[in-house]
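Report on the structure given below.
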Amino acid sequence: MIRPAQIAIAIFSLAAVAPAMAQTRTGLDLTTFIVMGEGLTAGMANFGLSSAYQQYSFPAQAAAQMNTALAQPLIQPPGIGDVIGYPGQEVRLQTYPQGAVRQFFTSASSPIASPSIFIQNLSVPGLTLADSISLRPALPIAQRNMKQTVVNLILGFPQLFLNVPLWSQFEYAKAMFPTVTLVELGFYEAMNAAVNLDPAQLPDPAGFGANYATVIAGLRRLQSQVIVTTIPNPLDTAYFSSVTAAGSVTATDPSVISGRYNVGSQDYLTRNALTTIANQFTSGATAPLPAGSILTATQAAALTAGVNALNTQILAAAKASGAVVYDLAAFLHKVKIAGAAAGDRSLTADYLGGFYSLDAVYPGPTGNALIANDFLTFMNATYHQSFPMVAIPAVYAKDPVVVYQKPQGAIHTAASPGSALSAFSGR
């Protein structure tokens, strides 16, 4: 059994020696690699966070190639956490096949199964930048608030059972005295505003920039190399589809979608709208789309401008404190525009295109592997390293996401049952 005194000694011993380790490093010191982030770096996929996909998170795959440890808070399937754009789940006590929720491990030195005392991937699905600074674990572990429950299971386990400090994500990162820190924050805020079709819900750029500067400066004061990522544009995920992409996914002529649902050429359909359209044309009876199904061109432009403003703040904060910037947004935009080669096929960012998982927000294993390789290429160029790339075919061969198929067969046209009625507004 781990006693409170033992973990307290471990914490304060780490605090005593880590500053010296950080100050004496030369070049790129990967002794302590820490990740701050949300679902994108946690390994969220297919509607939840579980060990089935956490092992394929792009930080985990990159860390393996960099030959450095990245302890993760592995969660037993079927997983935990809410997915942006879908109804929140009720927090329930674990049921079969889950046991302790957090996976336990044994080792030669500790034959009693227990969770890791410390983790290095601190990413929490649903976490905002402001949350990363102030939201701490709190008893009871399972609460009605899903975000707090997930924070408890990731950042507060097993610390909640012991008489030791409870840290926010930022405090936890600093307590580990990282030599290299990857920070990916802001994507949740962007996606949340996007799925609610309300760009006004994006954070105020000035306040966001101030918080980001606080995080970077706090890590840099510990002599950590800090790598921040830009925020991907939600329009580059599979959650939003152009009329053309929606036609491909639903096996429907794009002109029929435009006419039947009053969708403009620069508008976007949500992932949930795709399901509704496919079901309607399969049944042969069309009807107005539910509210919130269409992101208009005006809303899309405002969202893009808002995300760009947040990224401008990230760039400024990074420059002020000597952090480097990995342009994750640019890579995911490239995938949206041109796709990405993997295995014997080309993956796309369309829904069921192989890059994104079924939730349409987070990449699958191969998608994460492609991000990892882009990140490793960046690390090699920035720090004059020669880290090997992830072997994409090996990941691809075990990835169920890449075998998801778009509908096959006849295309629904204007002559299809139910489609010859007068157009109506889907907004």
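In the structure tokens, the first chain shown is A, the next is B, and so on; residue numbers restart at 1 for each chain, and ligands run from 1 in the order shown.
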Those in range 174-219 of chain A with strand (DSSP E or B) from DSSP, as a ChimeraX atom specification: /A:180-184
Write a file of the just-selected residues containing N, CA and C atoms, as a PDB file, in the first residue's frame.
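Done, and the output landed in part_19.pdb:
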```pdb
ATOM      1  N   VAL A 180      10.949  19.743 -20.927  1.00  0.00           N
ATOM      2  CA  VAL A 180      10.245  20.099 -22.162  1.00  0.00           C
ATOM      3  C   VAL A 180       8.748  20.011 -21.890  1.00  0.00           C
ATOM      4  N   THR A 181       8.009  21.049 -22.290  1.00  0.00           N
ATOM      5  CA  THR A 181       6.566  21.062 -22.091  1.00  0.00           C
ATOM      6  C   THR A 181       5.864  21.369 -23.402  1.00  0.00           C
ATOM      7  N   LEU A 182       4.909  20.530 -23.750  1.00  0.00           N
ATOM      8  CA  LEU A 182       4.048  20.772 -24.905  1.00  0.00           C
ATOM      9  C   LEU A 182       2.719  21.307 -24.387  1.00  0.00           C
ATOM     10  N   VAL A 183       2.285  22.454 -24.907  1.00  0.00           N
ATOM     11  CA  VAL A 183       1.040  23.078 -24.453  1.00  0.00           C
ATOM     12  C   VAL A 183       0.074  23.174 -25.631  1.00  0.00           C
ATOM     13  N   GLU A 184      -1.064  22.494 -25.514  1.00  0.00           N
ATOM     14  CA  GLU A 184      -2.118  22.530 -26.537  1.00  0.00           C
ATOM     15  C   GLU A 184      -3.414  22.897 -25.845  1.00  0.00           C
TER      16      GLU A 184
END
```
Non-local contacts of range 237-253 of chain A (7 Å; only C-alpha atoms; under 2 positions in same chain excluded) as a PyMOL selection string: chain A and resi 234-235+255-258+265+267-271+274+277-278+349-351+356+360-361+406-407+411-413
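Of the residues in range 375-412 of chain A, those given helix (DSSP H, G or I) by DSSP on the backbone are A:Phe375, A:Leu376, A:Thr377, A:Phe378, A:Met379, A:Asn380, A:Ala381, A:Thr382, A:Tyr383, A:Ile392, A:Pro393, A:Ala394, A:Val395, A:Tyr396, A:Pro400, A:Val401, A:Val402, A:Val403.
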Give me a file of those residues, with C-alpha atoms, as a JSON list (two decimals), in the first residue's frame.
```json
[["chain", "number", "residue", "atom", "x", "y", "z"],
["A", 375, "PHE", "CA", 5.45, 17.30, -34.95],
["A", 376, "LEU", "CA", 8.63, 15.20, -35.06],
["A", 377, "THR", "CA", 9.66, 16.90, -38.31],
["A", 378, "PHE", "CA", 9.16, 20.23, -36.54],
["A", 379, "MET", "CA", 11.22, 19.08, -33.54],
["A", 380, "ASN", "CA", 14.03, 17.85, -35.79],
["A", 381, "ALA", "CA", 14.18, 21.16, -37.64],
["A", 382, "THR", "CA", 13.84, 23.34, -34.54],
["A", 383, "TYR", "CA", 16.25, 21.51, -32.24],
["A", 392, "ILE", "CA", 2.46, 4.73, -40.42],
["A", 393, "PRO", "CA", 1.71, 1.27, -41.96],
["A", 394, "ALA", "CA", 2.09, -0.37, -38.54],
["A", 395, "VAL", "CA", -0.47, 1.99, -36.99],
["A", 396, "TYR", "CA", -2.72, 1.88, -40.04],
["A", 400, "PRO", "CA", -10.42, 0.60, -37.17],
["A", 401, "VAL", "CA", -11.01, 4.25, -38.09],
["A", 402, "VAL", "CA", -9.36, 3.92, -41.51],
["A", 403, "VAL", "CA", -11.71, 1.14, -42.57]]
```
Best match for closeness to Pro232 in chain A among A:Ala317, A:Leu295, A:Ala130, A:Leu328, counting only C-alpha atoms: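 Closest to Pro232 in chain A of all the choices is A:Leu328.
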Between range 262-378 of chain A and range 187-192 of chain A, at 9 Å or less, what are the per-residue closest atom pairs and their distances in Å? Count only C-alpha atoms, order by chain and rising residue number, and return it as a tab-separated table.
```
residue	atom	partner	partner_atom	distance
A:Leu303	CA	A:Ala190	CA	8.0
A:Gly306	CA	A:Ala190	CA	8.5
A:Val307	CA	A:Ala190	CA	6.7
A:Val361	CA	A:Met191	CA	8.4
```
Of the listed residues A:Leu122, A:Ala138, A:Ala297, A:Ile337, that which approaches Val263 in chain A most closely, counting only C-alpha atoms: A:Ala297
Can you check which parts of range 301-387 of chain A lie within 10 Å of range 63-77 of chain A? Per residue, the shortest pair of atoms and distance in Å to one decimal, counting only C-alpha atoms, sorted by chain and number, as a Markdown table.
```
| residue | atom | partner | partner_atom | distance |
| --- | --- | --- | --- | --- |
| A:Ala372 | CA | A:Ala63 | CA | 8.9 |
| A:Asn373 | CA | A:Gln65 | CA | 9.3 |
| A:Leu376 | CA | A:Gln65 | CA | 8.2 |
| A:Met379 | CA | A:Met66 | CA | 9.5 |
| A:Gln385 | CA | A:Met66 | CA | 9.4 |
| A:Ser386 | CA | A:Met66 | CA | 9.0 |
| A:Phe387 | CA | A:Met66 | CA | 5.8 |
```
Tyr53 in chain A surroundings by only C-alpha atoms, 9 Å radius, close-in-sequence under 2 positions cut, as a JSON list (two decimals) with N, CA and C atoms, in the first residue's frame:
```
[["chain", "number", "residue", "atom", "x", "y", "z"],
["A", 43, "GLY", "N", -5.85, 12.01, -26.34],
["A", 43, "GLY", "CA", -6.13, 10.78, -27.07],
["A", 43, "GLY", "C", -7.61, 10.46, -27.12],
["A", 44, "MET", "N", -8.44, 11.48, -26.99],
["A", 44, "MET", "CA", -9.89, 11.31, -27.09],
["A", 44, "MET", "C", -10.22, 10.83, -28.51],
["A", 45, "ALA", "N", -11.15, 9.89, -28.62],
["A", 45, "ALA", "CA", -11.58, 9.40, -29.93],
["A", 45, "ALA", "C", -12.82, 8.54, -29.77],
["A", 46, "ASN", "N", -13.66, 8.53, -30.82],
["A", 46, "ASN", "CA", -14.85, 7.69, -30.82],
["A", 46, "ASN", "C", -15.70, 7.87, -29.57],
["A", 49, "LEU", "N", -12.70, 8.94, -23.79],
["A", 49, "LEU", "CA", -11.27, 8.80, -23.50],
["A", 49, "LEU", "C", -11.05, 7.44, -22.87],
["A", 50, "SER", "N", -10.30, 6.59, -23.56],
["A", 50, "SER", "CA", -10.00, 5.27, -23.01],
["A", 50, "SER", "C", -8.63, 4.83, -23.51],
["A", 51, "SER", "N", -8.08, 3.83, -22.83],
["A", 51, "SER", "CA", -6.74, 3.35, -23.16],
["A", 51, "SER", "C", -6.66, 2.81, -24.58],
["A", 55, "GLN", "N", -3.23, 5.36, -26.12],
["A", 55, "GLN", "CA", -1.89, 4.91, -26.51],
["A", 55, "GLN", "C", -1.48, 5.47, -27.86],
["A", 56, "TYR", "N", -2.49, 5.94, -28.65],
["A", 56, "TYR", "CA", -2.20, 6.47, -29.97],
["A", 56, "TYR", "C", -2.27, 8.00, -30.02],
["A", 57, "SER", "N", -2.40, 8.65, -28.88],
["A", 57, "SER", "CA", -2.40, 10.11, -28.91],
["A", 57, "SER", "C", -1.11, 10.59, -29.57],
["A", 364, "GLY", "N", -8.31, 9.64, -35.35],
["A", 364, "GLY", "CA", -8.11, 8.26, -34.96],
["A", 364, "GLY", "C", -6.63, 7.97, -34.84],
["A", 365, "PRO", "N", -6.23, 6.71, -34.59],
["A", 365, "PRO", "CA", -4.82, 6.36, -34.42],
["A", 365, "PRO", "C", -3.91, 6.79, -35.56]]
```
Between CA of Pro137 in chain A and CA of Ala217 in chain A - distance in Å to one decimal: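 According to the coordinates, CA of Ala217 in chain A and CA of Pro137 in chain A are separated by 23.6 Å.
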Pairwise distance for CA of Asn262 in chain A and CA of Thr296 in chain A, rounded to one decimal in Å: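 Interatomic distance, CA of Asn262 in chain A to CA of Thr296 in chain A: 10.7 Å.
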Residue among A:Val390, A:Lys336, A:Gly209, A:Ser116 lying closest to Phe157 in chain A, counting only C-alpha atoms: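 Of the candidates, the smallest distance to Phe157 in chain A is held by A:Ser116.
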